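*Asks:* My structure is stored as target.txt, with compact mmCIF, C-alpha atoms and all ligand atoms.
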# COMPACT_ATOMS: atom_id res chain seq x y z
CA MET Q 321 -41.48 8.10 69.93
CA LYS Q 322 -40.86 11.72 70.72
CA ARG Q 323 -37.12 12.22 71.17
CA ILE Q 324 -34.71 10.02 69.27
CA LEU Q 325 -30.91 9.85 69.25
CA ILE Q 326 -29.35 8.44 66.10
CA THR Q 327 -25.66 7.50 66.06
CA GLY Q 328 -24.21 7.76 62.57
CA GLY Q 329 -26.83 10.44 61.99
CA ALA Q 330 -24.69 12.19 59.37
CA GLY Q 331 -24.18 8.98 57.40
CA PHE Q 332 -26.10 7.53 54.48
CA LEU Q 333 -28.76 5.58 56.40
CA GLY Q 334 -28.60 7.71 59.54
CA SER Q 335 -29.37 10.94 57.69
CA HIS Q 336 -32.42 9.38 56.00
CA LEU Q 337 -33.65 8.21 59.40
CA CYS Q 338 -33.15 11.72 60.86
CA GLU Q 339 -35.22 13.15 58.03
CA HIS Q 340 -37.93 10.48 58.42
CA TYR Q 341 -38.41 11.00 62.16
CA LEU Q 342 -38.35 14.81 61.89
CA ALA Q 343 -41.07 14.55 59.24
CA LYS Q 344 -43.09 12.45 61.67
CA GLY Q 345 -42.88 15.22 64.27
CA CYS Q 346 -40.15 13.78 66.51
CA SER Q 347 -37.13 15.57 67.93
CA VAL Q 348 -33.90 14.09 66.63
CA ILE Q 349 -30.34 14.25 67.94
CA ALA Q 350 -27.77 13.09 65.40
CA VAL Q 351 -24.42 11.94 66.78
CA ASP Q 352 -21.55 11.36 64.38
CA ASN Q 353 -17.74 11.53 64.48
CA LEU Q 354 -17.76 12.30 60.72
CA LEU Q 355 -15.26 9.53 59.95
CA THR Q 356 -17.41 8.33 57.04
CA GLY Q 357 -20.46 10.55 57.62
CA ASP Q 358 -20.68 14.07 56.20
CA LEU Q 359 -22.39 17.24 57.38
CA SER Q 360 -23.68 17.85 53.87
CA ASN Q 361 -26.08 14.93 54.45
CA ILE Q 362 -27.85 16.82 57.24
CA ALA Q 363 -27.21 20.45 56.25
CA HIS Q 364 -30.87 20.80 55.17
CA LEU Q 365 -32.05 19.73 58.65
CA MET Q 366 -29.94 22.13 60.69
CA ALA Q 367 -32.48 24.96 60.64
CA ASP Q 368 -35.16 22.75 62.22
CA SER Q 369 -35.40 23.57 65.94
CA ARG Q 370 -36.27 19.92 66.67
CA PHE Q 371 -32.97 18.77 65.19
CA SER Q 372 -29.55 18.92 66.78
CA PHE Q 373 -26.15 17.55 65.86
CA ILE Q 374 -23.40 16.44 68.24
CA LYS Q 375 -19.96 15.69 66.84
CA ALA Q 376 -18.82 12.83 69.03
CA ASP Q 377 -17.33 9.37 68.81
CA VAL Q 378 -19.84 6.91 70.26
CA THR Q 379 -17.02 4.59 71.33
CA ASN Q 380 -16.40 7.07 74.15
CA TYR Q 381 -18.77 7.78 77.04
CA LEU Q 382 -21.88 9.35 75.60
CA HIS Q 383 -24.45 11.29 77.51
CA VAL Q 384 -27.12 13.80 76.62
CA ALA Q 385 -29.40 15.78 78.89
CA GLY Q 386 -33.14 15.18 79.01
CA LYS Q 387 -35.30 12.25 78.16
CA LEU Q 388 -34.88 9.94 75.18
CA ASP Q 389 -37.48 7.54 73.83
CA MET Q 390 -35.20 5.67 71.45
CA VAL Q 391 -31.49 5.25 70.68
CA MET Q 392 -30.75 4.03 67.17
CA HIS Q 393 -27.18 2.79 66.73
CA PHE Q 394 -26.35 3.29 63.07
CA ALA Q 395 -22.75 4.49 63.34
CA SER Q 396 -20.13 2.39 61.54
CA PRO Q 397 -17.96 2.34 58.47
CA ALA Q 398 -20.17 0.16 56.26
CA SER Q 399 -18.47 -0.53 52.95
CA PRO Q 400 -15.76 -3.18 52.51
CA VAL Q 401 -13.33 -0.47 51.34
CA ASP Q 402 -14.10 1.68 54.41
CA TYR Q 403 -13.74 -1.07 56.94
CA ALA Q 404 -10.54 -2.29 55.31
CA ARG Q 405 -9.23 1.27 55.66
CA TRP Q 406 -10.47 1.68 59.25
CA PRO Q 407 -10.42 -1.83 60.75
CA ILE Q 408 -9.92 -0.79 64.37
CA PRO Q 409 -12.55 2.02 64.39
CA THR Q 410 -14.94 -0.49 62.78
CA LEU Q 411 -14.37 -3.03 65.54
CA LYS Q 412 -14.59 -0.32 68.19
CA VAL Q 413 -17.85 1.24 67.00
CA GLY Q 414 -19.51 -2.17 66.70
CA ALA Q 415 -18.29 -3.33 70.10
CA LEU Q 416 -17.55 -0.34 72.38
CA GLY Q 417 -19.97 1.93 70.52
CA THR Q 418 -22.82 -0.54 70.90
CA HIS Q 419 -21.97 -0.81 74.61
CA LYS Q 420 -22.08 2.96 75.10
CA ALA Q 421 -25.27 3.37 73.06
CA LEU Q 422 -26.95 0.54 75.01
CA GLY Q 423 -25.81 2.11 78.29
CA LEU Q 424 -27.33 5.44 77.26
CA ALA Q 425 -30.62 3.78 76.27
CA LYS Q 426 -30.72 1.87 79.55
CA ASP Q 427 -30.09 5.02 81.58
CA LYS Q 428 -32.90 6.83 79.76
CA GLY Q 429 -35.34 3.91 79.82
CA ALA Q 430 -35.32 4.17 76.02
CA MET Q 431 -35.78 1.58 73.31
CA PHE Q 432 -32.57 0.51 71.57
CA ALA Q 433 -32.44 -0.24 67.83
CA LEU Q 434 -29.35 -1.84 66.31
CA ALA Q 435 -28.30 -1.59 62.68
CA SER Q 436 -26.99 -5.10 62.11
CA THR Q 437 -26.15 -6.52 58.72
CA SER Q 438 -26.43 -9.36 56.24
CA GLU Q 439 -22.67 -9.66 56.79
CA VAL Q 440 -23.44 -11.66 59.94
CA TYR Q 441 -24.18 -14.47 57.44
CA GLY Q 442 -20.67 -14.08 55.94
CA ASP Q 443 -20.20 -16.08 52.71
CA PRO Q 444 -23.48 -17.97 53.14
CA GLU Q 445 -23.88 -21.67 52.50
CA VAL Q 446 -27.67 -21.33 52.31
CA ASN Q 447 -29.49 -19.05 49.90
CA PRO Q 448 -31.74 -17.19 50.62
CA GLN Q 449 -30.68 -16.50 54.20
CA PRO Q 450 -33.34 -16.77 56.93
CA GLU Q 451 -32.70 -15.17 60.33
CA THR Q 452 -32.22 -18.67 61.79
CA TYR Q 453 -29.05 -19.21 59.72
CA TRP Q 454 -25.95 -18.78 61.90
CA GLY Q 455 -23.63 -17.72 59.12
CA ASN Q 456 -20.24 -18.56 57.66
CA VAL Q 457 -17.83 -15.82 58.72
CA ASN Q 458 -14.03 -15.81 58.57
CA PRO Q 459 -13.17 -14.04 61.83
CA ILE Q 460 -9.61 -13.14 60.80
CA GLY Q 461 -10.24 -12.15 57.18
CA PRO Q 462 -10.41 -8.51 56.02
CA ARG Q 463 -14.22 -8.44 56.36
CA GLY Q 464 -14.10 -10.03 59.83
CA VAL Q 465 -13.64 -6.62 61.48
CA TYR Q 466 -17.14 -5.61 60.38
CA ASP Q 467 -18.83 -9.00 60.50
CA GLU Q 468 -17.58 -9.93 63.96
CA ALA Q 469 -18.20 -6.43 65.36
CA LYS Q 470 -21.82 -6.66 64.24
CA ARG Q 471 -22.16 -10.23 65.55
CA PHE Q 472 -20.80 -9.03 68.90
CA ALA Q 473 -23.19 -6.06 68.75
CA GLU Q 474 -26.14 -8.43 68.30
CA ALA Q 475 -24.93 -10.60 71.20
CA LEU Q 476 -24.50 -7.57 73.47
CA THR Q 477 -27.89 -6.17 72.50
CA MET Q 478 -29.57 -9.49 73.35
CA ALA Q 479 -27.64 -9.67 76.64
CA TYR Q 480 -28.94 -6.22 77.64
CA HIS Q 481 -32.43 -7.29 76.62
CA ARG Q 482 -32.26 -10.50 78.65
CA SER Q 483 -30.39 -9.13 81.66
CA HIS Q 484 -32.06 -5.73 81.98
CA GLY Q 485 -35.40 -6.35 80.29
CA MET Q 486 -34.67 -3.53 77.86
CA PRO Q 487 -36.81 -3.22 74.72
CA VAL Q 488 -34.43 -3.80 71.80
CA LYS Q 489 -34.75 -4.18 68.05
CA ILE Q 490 -32.22 -5.77 65.70
CA ALA Q 491 -32.43 -5.15 61.95
CA ARG Q 492 -30.20 -7.17 59.63
CA ILE Q 493 -29.75 -4.73 56.80
CA PHE Q 494 -28.94 -6.04 53.31
CA ASN Q 495 -27.17 -3.98 50.61
CA THR Q 496 -28.93 -0.63 50.47
CA TYR Q 497 -28.44 2.11 47.87
CA GLY Q 498 -29.78 5.56 47.17
CA PRO Q 499 -29.04 9.28 47.38
CA ARG Q 500 -26.30 10.29 49.88
CA MET Q 501 -24.13 7.25 49.35
CA ARG Q 502 -20.55 8.45 49.24
CA ARG Q 503 -19.20 8.31 45.71
CA ASP Q 504 -15.84 7.04 46.98
CA ASP Q 505 -17.06 4.45 49.49
CA GLY Q 506 -15.97 1.72 47.08
CA ARG Q 507 -19.29 -0.12 46.90
CA ALA Q 508 -20.58 -1.50 43.66
CA VAL Q 509 -23.45 0.95 43.08
CA PRO Q 510 -21.54 4.24 43.64
CA ASN Q 511 -18.50 2.86 41.81
CA PHE Q 512 -20.54 1.80 38.79
CA ILE Q 513 -22.51 5.06 38.63
CA THR Q 514 -19.48 7.36 38.96
CA GLN Q 515 -17.51 5.29 36.45
CA ALA Q 516 -20.40 5.14 33.97
CA LEU Q 517 -21.10 8.90 34.24
CA ALA Q 518 -17.42 9.72 33.70
CA GLY Q 519 -17.16 7.35 30.72
CA LYS Q 520 -14.50 5.39 32.60
CA PRO Q 521 -14.27 1.58 32.70
CA VAL Q 522 -16.90 -0.03 34.95
CA THR Q 523 -15.02 -2.33 37.32
CA VAL Q 524 -16.65 -5.71 37.86
CA TYR Q 525 -14.82 -7.79 40.45
CA GLY Q 526 -14.37 -11.49 39.70
CA ASP Q 527 -16.45 -12.79 36.80
CA GLY Q 528 -19.52 -10.85 37.96
CA THR Q 529 -21.59 -13.98 38.66
CA GLN Q 530 -21.67 -13.27 42.41
CA THR Q 531 -25.06 -11.97 43.52
CA ARG Q 532 -26.46 -9.21 45.72
CA SER Q 533 -30.00 -8.05 46.52
CA LEU Q 534 -30.32 -4.28 46.51
CA THR Q 535 -32.78 -2.31 48.64
CA PHE Q 536 -33.67 1.30 47.91
CA VAL Q 537 -33.14 3.51 50.95
CA SER Q 538 -36.81 4.57 51.33
CA ASP Q 539 -37.83 0.91 51.61
CA LEU Q 540 -35.13 0.37 54.21
CA VAL Q 541 -36.32 3.31 56.32
CA ASP Q 542 -39.89 2.02 56.13
CA GLY Q 543 -38.74 -1.44 57.27
CA ILE Q 544 -36.78 -0.03 60.21
CA ASP Q 545 -39.71 2.17 61.24
CA ARG Q 546 -42.12 -0.77 61.14
CA LEU Q 547 -39.69 -2.84 63.19
CA VAL Q 548 -39.31 -0.26 65.97
CA ARG Q 549 -43.11 0.17 66.13
CA SER Q 550 -43.70 -3.59 66.21
CA LYS Q 551 -43.77 -5.97 69.16
CA ILE Q 552 -40.89 -8.07 67.87
CA THR Q 553 -37.26 -7.89 68.91
CA GLY Q 554 -35.72 -9.54 65.87
CA PRO Q 555 -33.28 -10.03 64.39
CA VAL Q 556 -35.26 -9.27 61.24
CA ASN Q 557 -33.89 -9.26 57.70
CA ILE Q 558 -34.63 -5.98 55.95
CA GLY Q 559 -33.69 -6.36 52.32
CA ASN Q 560 -35.05 -6.72 48.83
CA PRO Q 561 -35.27 -10.39 47.87
CA ARG Q 562 -34.65 -9.67 44.16
CA GLU Q 563 -31.26 -11.24 43.60
CA MET Q 564 -29.10 -9.97 40.76
CA THR Q 565 -25.63 -10.82 39.52
CA LEU Q 566 -23.07 -8.03 39.66
CA LEU Q 567 -22.88 -8.24 35.90
CA GLU Q 568 -26.63 -7.50 35.66
CA ILE Q 569 -26.24 -4.59 38.08
CA ALA Q 570 -23.32 -3.14 36.08
CA GLN Q 571 -25.22 -3.50 32.80
CA THR Q 572 -28.34 -1.85 34.24
CA VAL Q 573 -26.24 1.09 35.47
CA LYS Q 574 -24.65 1.42 32.03
CA LYS Q 575 -28.05 1.33 30.37
CA LEU Q 576 -29.74 3.87 32.64
CA THR Q 577 -26.80 6.29 32.48
CA ARG Q 578 -26.63 5.74 28.70
CA SER Q 579 -22.93 5.22 29.18
CA ARG Q 580 -20.50 3.87 26.64
CA SER Q 581 -18.09 2.72 29.34
CA LYS Q 582 -16.54 -0.70 28.91
CA LEU Q 583 -16.88 -3.37 31.57
CA VAL Q 584 -13.50 -4.43 32.93
CA PHE Q 585 -12.95 -7.42 35.18
CA LYS Q 586 -10.78 -7.05 38.28
CA LYS Q 587 -9.66 -9.44 41.00
CA LEU Q 588 -12.40 -10.56 43.38
CA PRO Q 589 -11.72 -9.25 46.92
CA VAL Q 590 -10.83 -11.82 49.61
CA ASP Q 591 -13.87 -13.53 51.22
CA ASP Q 592 -16.30 -11.72 48.90
CA PRO Q 593 -19.66 -13.48 49.44
CA LYS Q 594 -20.72 -15.46 46.37
CA VAL Q 595 -24.44 -15.05 46.97
CA ARG Q 596 -26.66 -12.86 49.13
CA ARG Q 597 -30.41 -12.78 49.27
CA PRO Q 598 -32.70 -12.19 52.23
CA ASP Q 599 -35.52 -14.50 53.21
CA ILE Q 600 -38.03 -11.82 54.22
CA SER Q 601 -40.85 -14.07 55.46
CA LEU Q 602 -40.45 -12.72 58.98
CA ALA Q 603 -40.58 -9.06 57.91
CA GLU Q 604 -43.58 -9.78 55.68
CA ASN Q 605 -45.49 -11.67 58.35
CA ALA Q 606 -44.53 -9.78 61.50
CA LEU Q 607 -44.13 -6.24 60.12
CA GLY Q 608 -46.33 -6.32 57.03
CA TRP Q 609 -43.24 -5.05 55.21
CA SER Q 610 -41.96 -5.75 51.75
CA PRO Q 611 -39.91 -3.51 49.48
CA LYS Q 612 -41.82 -1.31 47.05
CA VAL Q 613 -39.16 0.35 44.89
CA PRO Q 614 -37.79 -1.76 42.03
CA PHE Q 615 -34.15 -1.32 41.04
CA GLU Q 616 -35.24 0.27 37.75
CA GLN Q 617 -36.92 3.09 39.75
CA GLY Q 618 -34.46 3.49 42.62
CA LEU Q 619 -31.43 3.53 40.36
CA PRO Q 620 -32.44 6.64 38.32
CA ARG Q 621 -33.04 8.53 41.61
CA THR Q 622 -29.56 7.52 42.75
CA ILE Q 623 -28.01 8.46 39.41
CA ALA Q 624 -29.73 11.87 39.61
CA PHE Q 625 -28.12 12.44 43.04
CA PHE Q 626 -24.68 11.58 41.71
CA ARG Q 627 -25.16 13.84 38.70
CA LYS Q 628 -26.27 16.72 40.90
CA THR Q 629 -23.38 16.40 43.35
CA SER Q 630 -20.58 15.69 40.86
N1 LIG J 701 -17.97 -4.98 43.27
C1 LIG J 701 -17.65 -4.89 41.92
N2 LIG J 701 -17.09 -3.73 41.47
C2 LIG J 701 -16.87 -2.66 42.25
C3 LIG J 701 -17.23 -2.73 43.62
C4 LIG J 701 -17.77 -3.90 44.09
O1 LIG J 701 -17.85 -5.84 41.15
O2 LIG J 701 -16.36 -1.65 41.73
C5 LIG J 701 -18.56 -6.22 43.75
C6 LIG J 701 -17.96 -6.81 45.02
O3 LIG J 701 -16.86 -7.63 44.73
C7 LIG J 701 -19.14 -7.58 45.57
C8 LIG J 701 -20.35 -6.77 45.12
O4 LIG J 701 -19.89 -5.92 44.08
O5 LIG J 701 -19.21 -8.86 44.99
C9 LIG J 701 -20.95 -5.89 46.20
O6 LIG J 701 -19.90 -5.17 46.78
P1 LIG J 701 -20.14 -3.95 47.74
O7 LIG J 701 -18.80 -3.38 48.05
O8 LIG J 701 -21.16 -3.05 47.17
O9 LIG J 701 -20.78 -4.58 49.06
P2 LIG J 701 -20.74 -6.00 49.78
O10 LIG J 701 -22.02 -6.63 49.42
O11 LIG J 701 -19.59 -6.81 49.26
O12 LIG J 701 -20.61 -5.67 51.20
Represent the supplied structure as structure tokens.

*Replies:*
Amino acid sequence: MKRILITGGAGFLGSHLCEHYLAKGCSVIAVDNLLTGDLSNIAHLMADSRFSFIKADVTNYLHVAGKLDMVMHFASPASPVDYARWPIPTLKVGALGTHKALGLAKDKGAMFALASTSEVYGDPEVNPQPETYWGNVNPIGPRGVYDEAKRFAEALTMAYHRSHGMPVKIARIFNTYGPRMRRDDGRAVPNFITQALAGKPVTVYGDGTQTRSLTFVSDLVDGIDRLVRSKITGPVNIGNPREMTLLEIAQTVKKLTRSRSKLVFKKLPVDDPKVRRPDISLAENALGWSPKVPFEQGLPRTIAFFRKTS
């Protein structure tokens, strides 16, 4: 992989991927419309002559000069609060954006890597979720704009693979946290950290018994990198199989920030999945990947980022 284009390159995951591939000696083009991404995430890369940034919306025709070895489509609003705020851009970037990014990869003879999501499993009726599970998604609910866009993106990616023989990779990304998350993206980890650091009430939705499995961003990047270097197409679950209740997550944040904030219980959002945990047998067997960073180590690094940028 020598020259890589990353959509959503100024976002949380995209910026970590830019950094990773630059460190490996690749040239990287980050494309972002800065709807939820931020230039501060890539400011430290701008001086590198192998890095360039294009402000563009990938739902429109996208072309760059020269050869590309890989197109990684990571652009999308990705938190429930963000996709509730921008439902149509979310549908467009998952559908039209995937189409444009696939078209670019096809034109360049490049590999295509799709950031899919555990949300394709919706509110799952099996736990943990293997890749063979088809999911339980409400297409017309508030989360449907993200879930269905990503399901369509997977379908389109496989259609390009089957019709055009393109090399494609699909990663189903489970809840990921780490430095460069936006403090106001509404997700549990940034909400809990900012609330705990400010001594404000920590908002647990529902009774806090719902579960999530949290992956530190460096593990995620490693999983994606192994996937694109592997022979398999996927979809592959990339996530940490340690399942925690939201109550446990909130209490751990309180403990590690040494916060005296109270926990307050708020209404559970519509269609909020009750459980989520990846079955990572495929990633373990086919990629030799498993997460390395426990929550107790990743969380302090995330807290340090929020302290530094507050
Ligand atoms: N959540 C919470 N308090 C918050 C934000 C989120 O209890 O301030 C809950 C939310 O209802 C969900 C879980 O945390 O059950 C994870 O939510 P997040 O928005 O991080 O991502 P999701 O996994 O739902 O996409």

*Asks:* Check every protein, DNA and RNA residue against ligand LIG 701 (chain J), keep those with an atom at most 10 Å away (counting only C-alpha atoms and all ligand atoms), and present them as a PyMOL selection string.

*Replies:* chain Q and resi 398-402+437-439+442-443+463+466+494-497+505-515+521-534+565-567+569-570+583-596

*Asks:* Mind pulling up the distance from atom CA of His340 of chain Q to atom CA of Gly429 of chain Q?

*Replies:*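 Distance between the two atoms: 22.5 Å.
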
*Asks:* Report, in Å to a single decimal, how far apart atom CA of Asn560 of chain Q and atom CA of Leu333 of chain Q are.

*Replies:*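 One can read the atom CA of Leu333 of chain Q to atom CA of Asn560 of chain Q distance as 15.8 Å.
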
*Asks:* Compare Q:Ala363, Q:Thr418, Q:Ile324, Q:His383 by their minimum atom-to-atom distance to Ala430 of chain Q, counting only C-alpha atoms, and give me the closest one.

*Replies:*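 When distances to Ala430 of chain Q are compared using only C-alpha atoms, the smallest one comes from Q:Ile324.
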
*Asks:* If you measure from atom CA of Tyr403 of chain Q to atom CA of Val465 of chain Q, what distance in Å do you get, rounded to one decimal?

*Replies:*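 The value is 7.2 Å.
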
*Asks:* Of the residues Q:Tyr341, Q:Phe432, Q:Phe332, Q:Trp609, which is the one nearest to Met392 of chain Q, using only C-alpha atoms?

*Replies:*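 The shortest atom-to-atom distance to Met392 of chain Q comes from Q:Phe432.
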
*Asks:* Here is a test: counting all atoms listed in the file, which residue of Q:Pro487, Q:Pro407, Q:Gly618, Q:Gly328 is nearest to Lys426 of chain Q?

*Replies:*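 Among the listed residues, the smallest separation from Lys426 of chain Q belongs to Q:Pro487.
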
*Asks:* Could you list, as a ChimeraX atom specification, every residue within 8 Å of Lys520 of chain Q, counting only C-alpha atoms and ignoring same-chain residues fewer than 4 positions away?

*Replies:* /Q:515-516,581-582

*Asks:* Env of Thr622 of chain Q: 6 Å cut, atoms = all atoms listed in the file, seq-sep filter 2 positions within chain, self excluded. Answer as a ChimeraX atom specification.

*Replies:* /Q:498-499,619-620,624-625

*Asks:* Please list as a list in words every residue within 9 Å of segment 349-353 of chain Q, counting all atoms listed in the file and excluding residues in the same chain fewer than 3 positions away.

*Replies:* Arg323, Ile324, Leu325, Ile326, Thr327, Gly328, Gly329, Ala330, Gly331, Gly334, Ser335, Cys338, Thr356, Gly357, Asp358, Ile362, Arg370, Phe371, Ser372, Phe373, Ile374, Lys375, Ala376, Asp377, Val378 and Ala395 of chain Q

*Asks:* So that I can check the surroundings of Gly543 of chain Q, please list as a PyMOL selection string every protein, DNA and RNA residue that reaches within 7 Å of it, counting all atoms listed in the file and ignoring chain neighbours fewer than 4 positions away.

*Replies:* chain Q and resi 539+547+558+609

*Asks:* Quick one: write out the picked residues with C-alpha atoms as a short mmCIF file (atom, residue, chain, number, x, y, z; two decimals), in the frame of the given file?

*Replies:*
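Produced file part_19.cif, reproduced below:
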data_model
loop_
_atom_site.label_atom_id
_atom_site.label_comp_id
_atom_site.auth_asym_id
_atom_site.auth_seq_id
_atom_site.Cartn_x
_atom_site.Cartn_y
_atom_site.Cartn_z
CA ASP Q 539 -37.83 0.91 51.61
CA LEU Q 547 -39.69 -2.84 63.19
CA ILE Q 558 -34.63 -5.98 55.95
CA TRP Q 609 -43.24 -5.05 55.21
#

*Asks:* With distances taken over all atoms listed in the file, which of Q:Ile460, Q:Ile623, Q:Ala518, Q:Ile490 is nearest to Arg546 of chain Q?

*Replies:*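 Among the listed residues, the smallest separation from Arg546 of chain Q belongs to Q:Ile490.
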
*Asks:* Box for segment 345-354 of chain Q - axis-aligned, 3 Å on each of the six sides, all listed atoms - centre and size in Å to one decimal, as lines of an AutoDock Vina configuration file.

*Replies:*
center_x = -30.3
center_y = 13.5
center_z = 64.3
size_x = 31.1
size_y = 10.2
size_z = 13.2

*Asks:* Hey, which of Q:Pro409, Q:Pro448, Q:Gly414, Q:Phe615 ends up closest to Phe472 of chain Q? Count all atoms listed in the file.

*Replies:*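 Of Q:Pro409, Q:Pro448, Q:Gly414, Q:Phe615, the one nearest Phe472 of chain Q is Q:Gly414, counting all atoms listed in the file.
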
*Asks:* Given all atoms listed in the file as the basis, pick out the residue of Q:Arg405, Q:His484, Q:His364, Q:Lys575 nearest to Gly423 of chain Q.

*Replies:*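 The answer is Q:His484, which sits nearest to Gly423 of chain Q.
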